[in-house]
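S.K.: What follows is the file entry.cif, containing mmCIF, C-alpha atoms and all ligand atoms:
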```cif
data_query
loop_
_atom_site.label_atom_id
_atom_site.label_comp_id
_atom_site.auth_asym_id
_atom_site.auth_seq_id
_atom_site.Cartn_x
_atom_site.Cartn_y
_atom_site.Cartn_z
CA MET A 92 142.03 -57.00 230.76
CA LYS A 93 143.83 -53.88 231.89
CA GLN A 94 142.31 -52.32 235.00
CA LYS A 95 140.66 -49.00 234.35
CA THR A 96 141.26 -45.85 236.34
CA THR A 97 138.40 -43.62 237.41
CA ILE A 98 139.06 -39.93 237.82
CA SER A 99 136.27 -38.39 239.90
CA VAL A 100 135.90 -34.64 240.34
CA PHE A 101 133.48 -33.01 242.79
CA LYS A 102 133.21 -29.23 243.22
CA ALA A 103 131.09 -27.14 245.55
CA ASP A 104 130.82 -23.65 247.01
CA VAL A 105 130.10 -24.13 250.71
CA GLY A 106 130.75 -20.57 251.86
CA GLY A 107 133.48 -18.11 252.74
CA PRO A 108 134.10 -14.38 253.07
CA GLY A 109 131.64 -13.08 250.44
CA HIS A 110 131.94 -14.97 247.17
CA MET A 111 135.71 -14.57 247.17
CA LYS A 112 137.38 -17.78 248.35
CA PRO A 113 136.82 -20.45 251.01
CA PHE A 114 138.54 -20.15 254.38
CA PRO A 115 141.66 -22.37 254.68
CA GLU A 116 140.04 -23.98 257.73
CA MET A 117 137.25 -25.29 255.46
CA VAL A 118 139.75 -26.80 253.03
CA ARG A 119 141.55 -28.39 255.96
CA GLU A 120 138.29 -30.01 257.12
CA ILE A 121 137.83 -31.54 253.67
CA LYS A 122 141.35 -32.94 253.58
CA THR A 123 141.05 -34.35 257.11
CA TYR A 124 137.78 -36.06 256.24
CA LEU A 125 139.11 -37.51 252.98
CA TYR A 126 142.34 -38.83 254.40
CA GLY A 127 140.42 -40.34 257.32
CA HIS A 128 138.87 -42.62 254.66
CA GLY A 129 141.94 -43.11 252.46
CA ASP A 130 141.18 -46.80 251.90
CA LEU A 131 138.45 -45.82 249.38
CA PHE A 132 140.72 -44.17 246.81
CA LYS A 133 144.29 -44.26 245.50
CA SER A 134 145.00 -40.55 245.59
CA ALA A 135 143.27 -37.25 246.23
CA HIS A 136 143.96 -33.58 245.66
CA VAL A 137 141.98 -30.61 246.98
CA SER A 138 142.19 -27.12 245.46
CA THR A 139 140.30 -23.84 245.34
CA THR A 140 139.40 -21.56 242.44
CA GLY A 141 137.53 -18.41 243.48
CA ASP A 142 135.05 -19.46 246.17
CA ASP A 143 134.80 -23.09 245.04
CA ILE A 144 136.48 -26.16 246.50
CA THR A 145 137.38 -28.96 244.09
CA ILE A 146 138.19 -32.52 245.09
CA ILE A 147 139.83 -34.82 242.52
CA LEU A 148 140.21 -38.51 243.30
CA GLY A 149 141.99 -41.30 241.43
CA HIS A 150 140.51 -44.76 242.14
CA SER A 151 139.37 -47.99 240.52
CA ARG A 152 135.78 -48.23 241.81
CA GLY A 153 134.16 -46.90 238.60
CA PRO A 154 131.81 -43.89 238.16
CA ASN A 155 128.81 -43.46 240.48
CA ASP A 156 130.35 -45.45 243.28
CA PRO A 157 128.17 -44.81 246.37
CA GLY A 158 131.20 -44.98 248.70
CA ILE A 159 133.10 -42.30 246.74
CA HIS A 160 130.00 -40.08 246.43
CA GLU A 161 129.18 -40.33 250.13
CA LEU A 162 132.79 -39.62 251.05
CA CYS A 163 132.82 -36.38 249.05
CA PHE A 164 129.36 -35.38 250.24
CA LYS A 165 130.43 -35.81 253.88
CA ALA A 166 133.67 -33.92 253.21
CA PHE A 167 131.65 -30.95 251.89
CA VAL A 168 129.31 -31.22 254.90
CA ALA A 169 132.36 -31.08 257.20
CA ALA A 170 133.53 -27.90 255.42
CA THR A 171 130.00 -26.46 255.69
CA GLU A 172 129.98 -27.11 259.46
CA MET A 173 133.28 -25.25 259.74
CA ALA A 174 131.88 -22.41 257.61
CA LYS A 175 128.89 -22.15 259.96
CA ARG A 176 131.15 -22.11 263.03
CA MET A 177 133.09 -19.24 261.44
CA ASN A 178 129.83 -17.47 260.51
CA ALA A 179 130.96 -17.53 256.87
CA TYR A 180 128.81 -16.04 254.16
CA ALA A 181 126.59 -18.53 252.23
CA ALA A 182 127.63 -21.54 254.33
CA GLY A 183 126.55 -24.71 252.50
CA GLN A 184 125.46 -22.71 249.43
CA ASP A 185 125.72 -25.58 246.91
CA LEU A 186 124.41 -28.44 249.07
CA PHE A 187 120.68 -28.90 248.47
CA SER A 188 120.34 -31.39 251.32
CA THR A 189 122.20 -32.43 254.45
CA ALA A 190 121.07 -36.04 254.01
CA PHE A 191 122.91 -38.25 251.50
CA CYS A 192 120.66 -40.21 249.16
CA GLY A 193 123.03 -42.63 247.42
CA ASN A 194 124.52 -40.39 244.70
CA LEU A 195 125.76 -36.80 244.75
CA ALA A 196 124.37 -36.12 241.24
CA GLY A 197 121.51 -33.63 241.48
CA MET A 198 122.43 -32.62 245.04
CA GLY A 199 124.20 -29.38 244.05
CA PRO A 200 127.92 -30.08 243.52
CA GLN A 201 129.38 -30.17 240.02
CA ILE A 202 130.58 -33.68 239.14
CA ILE A 203 132.61 -35.35 236.40
CA GLU A 204 133.71 -38.95 236.42
CA MET A 205 135.93 -40.19 233.62
CA GLU A 206 136.93 -43.84 233.34
CA VAL A 207 140.08 -44.39 231.29
CA GLU A 208 142.37 -47.18 230.27
CA GLU A 209 145.62 -45.41 231.11
CA ARG A 210 147.97 -44.80 228.18
CA GLY A 211 151.70 -44.56 228.64
CA GLY A 212 152.10 -40.93 229.71
CA GLU A 213 148.45 -40.40 230.70
CA THR A 214 148.24 -36.63 231.15
CA PHE A 215 145.14 -34.49 231.60
CA VAL A 216 144.06 -31.00 232.63
CA LEU A 217 141.52 -30.22 235.33
CA PHE A 218 139.84 -26.89 234.57
CA CYS A 219 137.86 -25.18 237.37
CA LEU A 220 135.75 -22.12 236.59
CA ASP A 221 134.17 -19.60 238.97
CA LYS A 222 131.41 -17.00 238.43
CA THR A 223 130.16 -18.61 235.22
CA ARG A 224 128.37 -21.56 233.61
CA ALA A 225 129.24 -24.59 231.47
CA GLY A 226 128.68 -22.67 228.20
CA ALA A 227 131.78 -20.62 229.04
CA LEU A 228 133.84 -23.50 227.64
CA ASN A 229 132.01 -23.79 224.30
CA GLY A 230 134.33 -21.56 222.28
CA ALA A 231 137.53 -22.89 223.80
CA LEU A 232 136.68 -26.60 223.41
CA ARG A 233 135.51 -26.10 219.84
CA ARG A 234 138.82 -24.48 218.97
CA MET A 235 141.13 -26.80 220.94
CA PHE A 236 139.76 -29.96 219.31
CA GLY A 237 138.21 -28.86 216.02
CA GLU A 238 140.20 -25.96 214.57
CA VAL A 239 143.43 -26.57 212.78
CA GLY A 240 144.80 -23.16 213.81
CA THR A 241 144.62 -24.21 217.46
CA ASN A 242 144.86 -28.00 217.37
CA THR A 243 148.03 -28.23 215.32
CA GLY A 244 147.94 -32.04 215.60
CA LEU A 245 145.21 -31.97 212.92
CA LEU A 246 147.96 -31.16 210.40
CA HIS A 247 149.93 -34.27 211.21
CA SER A 248 147.79 -37.10 212.50
CA SER A 249 145.46 -39.18 210.33
CA LEU A 250 143.72 -40.38 213.50
CA MET A 251 142.99 -36.81 214.56
CA GLN A 252 141.87 -35.98 211.03
CA GLN A 253 138.94 -38.38 211.52
CA GLY A 254 137.56 -35.68 213.79
CA TYR A 255 136.07 -35.46 217.26
CA ILE A 256 132.51 -36.22 218.26
CA PHE A 257 131.06 -33.39 220.35
CA GLU A 258 128.13 -34.27 222.58
CA VAL A 259 126.07 -31.10 223.07
CA GLN A 260 123.37 -30.83 225.75
CA ASP A 261 120.21 -28.73 225.53
CA ASN A 262 120.03 -27.04 228.93
CA TYR A 263 116.50 -25.74 228.33
CA PHE A 264 115.11 -29.28 228.20
CA GLU A 265 113.11 -29.89 231.34
CA GLY A 266 113.40 -33.66 231.32
CA PRO A 267 113.06 -36.28 232.48
CA GLY A 268 116.56 -37.16 231.27
CA GLU A 269 118.89 -35.03 229.18
CA ARG A 270 118.47 -33.97 225.53
CA VAL A 271 121.75 -34.31 223.62
CA VAL A 272 123.03 -34.30 220.04
CA ARG A 273 126.33 -35.64 218.65
CA LEU A 274 128.23 -33.81 215.89
CA ASN A 275 131.56 -34.64 214.23
CA THR A 276 134.01 -31.75 213.88
CA ARG A 277 135.36 -33.16 210.58
CA THR A 278 132.07 -32.83 208.69
CA GLU A 279 129.81 -30.63 210.84
CA MET A 280 131.94 -27.80 212.20
CA ALA A 281 129.58 -25.07 210.94
CA GLU A 282 126.52 -26.80 212.42
CA LEU A 283 128.36 -27.31 215.71
CA THR A 284 129.35 -23.64 215.81
CA ALA A 285 125.77 -22.59 215.03
CA LEU A 286 124.55 -24.46 218.10
CA LEU A 287 127.31 -23.39 220.43
CA VAL A 288 126.91 -19.63 219.94
CA ASN A 289 123.79 -19.94 222.14
CA ASP A 290 125.92 -20.80 225.13
CA ASP A 291 123.12 -20.42 227.69
CA ARG A 292 121.16 -23.20 226.05
CA TYR A 293 123.61 -25.51 224.25
CA VAL A 294 126.65 -26.67 226.18
CA ILE A 295 129.35 -29.20 225.38
CA ARG A 296 129.24 -32.09 227.80
CA SER A 297 131.82 -34.46 226.30
CA VAL A 298 134.23 -34.92 223.40
CA MET A 299 135.21 -38.30 221.92
CA SER A 300 137.79 -39.32 219.33
CA ALA A 301 136.04 -40.45 216.14
CA ALA A 302 139.03 -42.74 215.47
CA THR A 303 139.15 -44.60 218.80
CA GLY A 304 135.75 -43.91 220.40
CA GLU A 305 137.53 -42.90 223.63
CA VAL A 306 136.41 -39.95 225.71
CA GLY A 307 138.89 -37.06 225.73
CA ALA A 308 136.97 -34.29 227.51
CA MET A 309 134.08 -33.97 229.94
CA VAL A 310 132.36 -30.85 231.30
CA SER A 311 130.00 -30.73 234.29
CA THR A 312 126.67 -29.32 233.12
CA PHE A 313 124.49 -29.24 236.24
CA CYS A 314 122.33 -26.06 236.29
CA LEU A 315 121.79 -25.21 239.94
CA ASP A 316 119.05 -22.63 239.44
CA ARG A 317 116.99 -25.00 237.26
CA HIS A 318 116.90 -27.47 240.14
CA SER A 319 116.29 -25.04 243.00
CA GLU A 320 114.00 -22.01 243.19
CA THR A 321 116.01 -20.45 245.98
CA HIS A 322 119.63 -21.13 245.02
CA VAL A 323 121.76 -18.06 244.47
CA GLY A 324 125.12 -18.55 242.78
CA LYS A 325 126.51 -19.57 239.42
CA ASP A 326 127.08 -23.19 238.38
CA ASP A 327 130.86 -22.78 238.22
CA PRO A 328 131.64 -25.88 236.14
CA VAL A 329 134.65 -28.17 236.11
CA ALA A 330 136.13 -29.95 233.10
CA LEU A 331 138.67 -32.69 232.39
CA VAL A 332 140.64 -32.69 229.12
CA ARG A 333 143.14 -35.43 228.17
CA VAL A 334 146.20 -34.25 226.26
CA GLN A 335 148.79 -35.58 223.77
CA GLY A 336 148.56 -38.65 221.52
CA VAL A 337 145.16 -38.66 219.80
CA TRP A 338 144.22 -35.59 221.85
CA PRO A 339 145.44 -31.99 221.37
CA ALA A 340 148.85 -31.14 222.85
CA LEU A 341 148.90 -29.46 226.25
CA GLY A 342 149.80 -26.10 224.71
CA ASP A 343 146.93 -26.40 222.22
CA VAL A 344 144.51 -27.13 225.05
CA LEU A 345 145.57 -24.05 227.03
CA ASN A 346 146.01 -21.71 224.07
CA PRO A 347 142.31 -20.78 223.48
CA PHE A 348 142.17 -19.11 226.89
CA SER A 349 144.45 -16.36 225.63
CA LEU A 350 141.49 -15.18 223.52
CA ILE A 351 139.47 -13.78 226.47
CA PHE A 352 135.91 -15.06 226.00
CA LEU A 353 132.89 -13.07 227.19
CA VAL A 354 130.86 -15.43 229.37
CA ALA A 355 127.71 -15.47 231.48
CA GLY A 356 128.31 -14.69 235.17
CA GLY A 357 129.98 -12.15 237.42
CA MET A 358 128.56 -9.19 239.31
CA ARG A 359 125.61 -10.85 241.04
CA GLY A 360 125.73 -13.60 238.43
CA SER A 361 123.82 -11.40 236.05
CA HIS A 362 126.27 -9.94 233.52
CA ARG A 363 128.54 -10.87 230.66
CA VAL A 364 132.13 -10.71 231.86
CA PRO A 365 135.52 -11.71 230.43
CA LEU A 366 137.01 -15.08 231.40
CA MET A 367 140.41 -14.66 233.06
CA PRO A 368 142.92 -17.57 233.15
CA VAL A 369 144.24 -17.56 236.74
CA LYS A 370 146.62 -19.47 238.99
CA VAL A 371 145.08 -22.03 241.32
CA SER A 372 143.79 -20.55 244.64
CA THR A 373 143.21 -17.10 243.12
CA PRO A 374 140.34 -15.28 244.88
CA VAL A 375 137.64 -13.41 242.95
CA SER A 376 137.35 -9.92 244.33
CA ASP A 377 136.58 -7.27 241.71
CA SER A 378 132.80 -6.82 241.43
CA ASP A 379 132.31 -10.59 241.85
CA GLY A 380 134.34 -10.96 238.72
CA PRO A 381 135.76 -11.30 236.25
CA ALA A 382 134.90 -14.96 235.70
CA VAL A 383 137.99 -17.11 236.20
CA ILE A 384 139.41 -20.42 235.02
CA SER A 385 142.29 -22.37 236.54
CA ALA A 386 144.18 -25.26 234.90
CA GLN A 387 145.87 -28.04 236.85
CA VAL A 388 147.92 -30.53 234.85
CA PHE A 389 148.14 -34.07 236.26
CA CYS A 390 149.57 -37.40 235.23
CA THR A 391 148.12 -40.62 236.59
CA CYS A 392 149.79 -43.97 237.09
CA GLY A 393 147.43 -46.75 238.17
CA GLY A 394 145.06 -44.15 239.63
CA VAL A 395 147.80 -42.40 241.61
CA LEU A 396 147.77 -38.73 240.61
CA THR A 397 150.97 -36.73 240.47
CA PRO A 398 150.96 -33.38 242.29
CA PRO A 399 149.50 -30.94 239.69
CA GLU A 400 151.44 -28.34 237.73
CA ASP A 401 149.71 -24.98 237.29
CA GLY A 402 148.91 -24.47 233.58
CA PHE A 403 148.43 -20.72 233.89
CA ASP A 404 151.56 -19.97 235.96
CA GLN A 405 153.78 -18.62 233.18
CA PRO A 406 154.55 -15.01 232.06
CA THR A 407 152.35 -15.29 228.92
CA TRP A 408 149.32 -15.58 231.15
CA ASP A 409 150.27 -12.47 233.16
CA GLU A 410 149.83 -10.51 229.93
CA VAL A 411 146.46 -12.18 229.24
CA ARG A 412 145.38 -11.37 232.81
CA ARG A 413 146.29 -7.70 232.35
CA LYS A 414 144.25 -7.52 229.15
CA THR A 415 141.33 -9.31 230.80
CA ALA A 416 141.40 -6.89 233.75
CA LYS A 417 141.20 -3.92 231.36
CA ILE A 418 138.20 -5.41 229.54
CA ALA A 419 136.52 -6.22 232.86
CA THR A 420 136.99 -2.66 234.11
CA TRP A 421 135.57 -1.23 230.89
CA LEU A 422 132.55 -3.54 230.91
CA ARG A 423 131.91 -2.74 234.57
CA SER A 424 131.96 0.97 233.75
CA ILE A 425 129.03 0.60 231.36
CA GLU A 426 127.04 -1.89 233.46
CA PRO A 427 124.12 -2.49 233.44
CA ASP A 428 123.68 -1.05 229.95
CA GLY A 429 124.14 -3.73 227.34
CA THR A 430 125.98 -6.12 229.66
CA THR A 431 123.17 -7.81 231.59
CA LEU A 432 122.16 -11.36 230.78
CA PRO A 433 118.71 -12.13 229.30
CA PRO A 434 115.98 -11.90 232.02
CA GLU A 435 115.69 -15.68 232.44
CA GLU A 436 119.47 -15.98 233.03
CA ILE A 437 119.74 -13.20 235.61
CA GLU A 438 120.61 -14.72 238.95
CA TYR A 439 119.35 -12.17 241.46
CA HIS A 440 115.62 -12.27 240.99
CA GLY A 441 114.86 -8.96 242.75
CA ILE A 442 115.16 -7.16 239.42
CA HIS A 443 112.09 -9.10 238.18
CA GLU A 444 110.10 -7.77 241.19
CA THR A 445 111.23 -4.22 240.43
CA VAL A 446 110.12 -4.49 236.80
CA LYS A 447 106.83 -6.15 237.85
CA ARG A 448 106.06 -3.31 240.28
CA LEU A 449 106.35 -0.85 237.39
CA GLN A 450 103.90 -2.69 235.11
CA PRO A 451 100.68 -0.96 236.36
CA ARG A 452 102.27 2.41 235.61
CA PHE A 453 102.59 1.69 231.89
CA ILE A 454 100.07 3.48 229.71
CA VAL A 455 99.35 2.92 226.03
CA THR A 456 99.88 6.04 223.95
CA ASN A 457 99.01 6.88 220.33
CA LYS A 458 96.31 4.24 220.28
CA PRO A 459 94.53 4.41 216.89
CA GLU A 460 90.92 5.71 217.24
CA SER A 461 88.49 2.85 216.71
CA LYS A 462 86.04 3.67 213.86
P1 LIG A 501 129.19 -18.08 243.16
O1 LIG A 501 128.39 -19.08 242.37
O2 LIG A 501 130.63 -18.17 242.87
O3 LIG A 501 128.85 -18.19 244.60
O4 LIG A 501 128.79 -16.66 242.64
C1 LIG A 501 127.77 -15.96 243.22
C2 LIG A 501 127.55 -14.70 242.52
O5 LIG A 501 127.15 -14.71 241.39
C3 LIG A 501 127.91 -13.47 243.18
O6 LIG A 501 127.77 -12.36 242.35
MG MG A 502 129.70 -18.19 246.30
MG MG A 503 131.72 -19.98 242.87
#
```
Can you present the structure in this file as structure tokens?
M.R.:
Amino acid sequence: MKQKTTISVFKADVGGPGHMKPFPEMVREIKTYLYGHGDLFKSAHVSTTGDDITIILGHSRGPNDPGIHELCFKAFVAATEMAKRMNAYAAGQDLFSTAFCGNLAGMGPQIIEMEVEERGGETFVLFCLDKTRAGALNGALRRMFGEVGTNTGLLHSSLMQQGYIFEVQDNYFEGPGERVVRLNTRTEMAELTALLVNDDRYVIRSVMSAATGEVGAMVSTFCLDRHSETHVGKDDPVALVRVQGVWPALGDVLNPFSLIFLVAGGMRGSHRVPLMPVKVSTPVSDSDGPAVISAQVFCTCGGVLTPPEDGFDQPTWDEVRRKTAKIATWLRSIEPDGTTLPPEEIEYHGIHETVKRLQPRFIVTNKPESK
């Protein structure tokens, strides 16, 4: 049997100057730690998007390997220690614990692990988002796989015409476990769309080919504030999307991000903001926004990743960025009126205290006289 490749992605915000970007010294610590343990994996790449650091590893140890999880945990701890030495803001923000307990899942970082039997020409995109949540990808993923206007392969391929199975997770479910539903784009596109418009609650967590049963996309869906009373910060998900063959073409996968989605996050994590497609390493500096997404395109050969190409480094995206910046400026100008998230989604909880303090001052007027 052909050996499978595991692509493991771990992302965390462990501090920096404001919520802008990590210090290069922190990234260096991560690389030094990883390459000091290079026998565990076949290749590694470290990048930043906004204030988040993303590690991607190619290996053959399978998902949930304790060695790989501990390695990445300790790499983030090393970056946190550097952040503390530099007196960085929010040092260790996304690490719930400094003690490793066997698996990084549930400890704060966003994680995706995809096991694939490599095709000839195995190509995939790593998306990293900052100042937003997993639901930010709902509209784009629905279009890139399910809509013929975006996924032009649907016109040509009988395999693609069998549809894609979307696995949608209910983020309001308190567990134990995760509540999910599977819908096929070929027969249930309207139902899928009906769910996905509530992007705080229903988020896509994976996409499979109905024809082959293989996984083509995965999104990290860990909600930090539902697992910690004190955590401040957005989830800032990561996603992997395979391209070409039975999957959408690379251009079809990137195309939806020219639409400029309004997503939850930005400005103290409490407002709707536009999602800007950016080059890798772009800082976030205008009112903690707008929300951003980067796209790194890799090939893998036996678990060895090529150096990534930047999917949003092309003049088309400069135009999209300009449009996004205009929308962001306009929305900021009317904040907080009509732009704030629902109370339960607002990240900075002080506003709840302010509103609570005002409650005793309410009076009931025009009360009907009792007879
Ligand atoms: P991060 O999750 O990127 O740290 O964002 C924090 C925030 O919302 C600042 O406004
Ligand atoms: Mg931050
Ligand atoms: Mg962040």
S.K.: Give as JSON, numbers by chain the residues surrounding ligand LIG 501 (chain A) up to a distance of 6 Å, considering all atoms listed in the file.
M.R.: {"A": [110, 142, 221, 222, 324, 325, 326, 357, 358, 359, 360, 379]}
S.K.: Find the residues of chain A that sit at most 8 Å from ligand MG 502 (chain A); for each, write down the nearest two atoms and how far apart they are in Å, to one decimal. Count all atoms listed in the file. Sort by chain, then by number going up, and give it as a Markdown table.
M.R.:
```
| residue | atom | partner | partner_atom | distance |
| --- | --- | --- | --- | --- |
| A:Asp104 | CA | A:MG502 | MG | 5.6 |
| A:Val105 | CA | A:MG502 | MG | 7.4 |
| A:Gly106 | CA | A:MG502 | MG | 6.1 |
| A:Gly107 | CA | A:MG502 | MG | 7.5 |
| A:Gly109 | CA | A:MG502 | MG | 6.9 |
| A:His110 | CA | A:MG502 | MG | 4.0 |
| A:Met111 | CA | A:MG502 | MG | 7.1 |
| A:Lys112 | CA | A:MG502 | MG | 8.0 |
| A:Asp142 | CA | A:MG502 | MG | 5.5 |
| A:Asp143 | CA | A:MG502 | MG | 7.2 |
| A:Ala181 | CA | A:MG502 | MG | 6.7 |
| A:Gln184 | CA | A:MG502 | MG | 6.9 |
| A:Gly324 | CA | A:MG502 | MG | 5.8 |
| A:Lys325 | CA | A:MG502 | MG | 7.7 |
```
S.K.: To one decimal place, how far is atom CA of A:Arg296 from atom CA of A:Gly193 in Å?
M.R.: 23.1 Å
S.K.: For A:Gly237, please output as a ChimeraX atom specification all residues within 6 Å (counting all atoms listed in the file; exclusion window: fewer than 2 positions along the same chain).
M.R.: /A:233-234,276
S.K.: Expressed in Å to a single decimal, how great is the separation between atom CA of A:Ala231 and atom CA of A:Thr430?
M.R.: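 Atom CA of A:Thr430 lies at a distance of 21.2 Å from atom CA of A:Ala231.
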S.K.: Between A:Tyr124, A:Phe348, A:Phe257, A:Phe313, which is the closest to A:Gly197 once you count all atoms listed in the file?
M.R.: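 Answer, going by the shortest atom-to-atom distance: A:Phe313.
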S.K.: Got a sec: who's within 10 Å of stretch 279-283 of chain A, counting all atoms listed in the file, leaving out chain neighbours fewer than 4 positions off, as a ChimeraX atom specification?
M.R.: /A:229,233,237-238,254,256-259,272-275,287-288,293,295
S.K.: Go through A:Val354, A:Val294, A:Ile418, A:Leu246 and flag the residue nearest A:Pro339, using all atoms listed in the file for the distances.
M.R.: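 Checking each of A:Val354, A:Val294, A:Ile418, A:Leu246 against A:Pro339, counting all atoms listed in the file, the winner is A:Leu246.
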S.K.: Which of these, A:Glu172, A:Asp130, A:Glu305, A:Asp291, has the shortest distance to A:Glu116 once you count all atoms listed in the file?
M.R.: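 Among the listed residues, A:Glu172 lies closest to A:Glu116.
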S.K.: Calculated over all atoms listed in the file, which of the candidates A:Gly226, A:Gly268, A:Gly212, A:Gly380 has the smallest distance to ligand MG 503 (chain A)?
M.R.: A:Gly380
S.K.: Using all atoms listed in the file, which residues sit within 6 Å of A:Gly307 once same-chain residues fewer than 6 positions away are excluded, as a list in words?
M.R.: Val298, Met299, Val332 and Arg333 of chain A
S.K.: For C-alpha atoms, I'd like the residues from the last selection saved as a PDB file, in the frame of the given file.
M.R.:
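The new file selection.pdb reads:
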```pdb
ATOM      1  CA  VAL A 298     134.230 -34.920 223.400  1.00  0.00           C
ATOM      2  CA  MET A 299     135.210 -38.300 221.920  1.00  0.00           C
ATOM      3  CA  VAL A 332     140.640 -32.690 229.120  1.00  0.00           C
ATOM      4  CA  ARG A 333     143.140 -35.430 228.170  1.00  0.00           C
TER       5      ARG A 333
END
```
S.K.: Please, what distance in Å, to one decimal, runs between atom CA of A:Trp408 and atom CA of A:Val369?
M.R.: 7.8 Å
S.K.: Could you check which of A:Lys122, A:His128, A:His318, A:Arg224 is closest to ligand MG 503 (chain A), using all atoms listed in the file?
M.R.: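 That would be A:Arg224, the residue with the smallest distance to ligand MG 503 (chain A).
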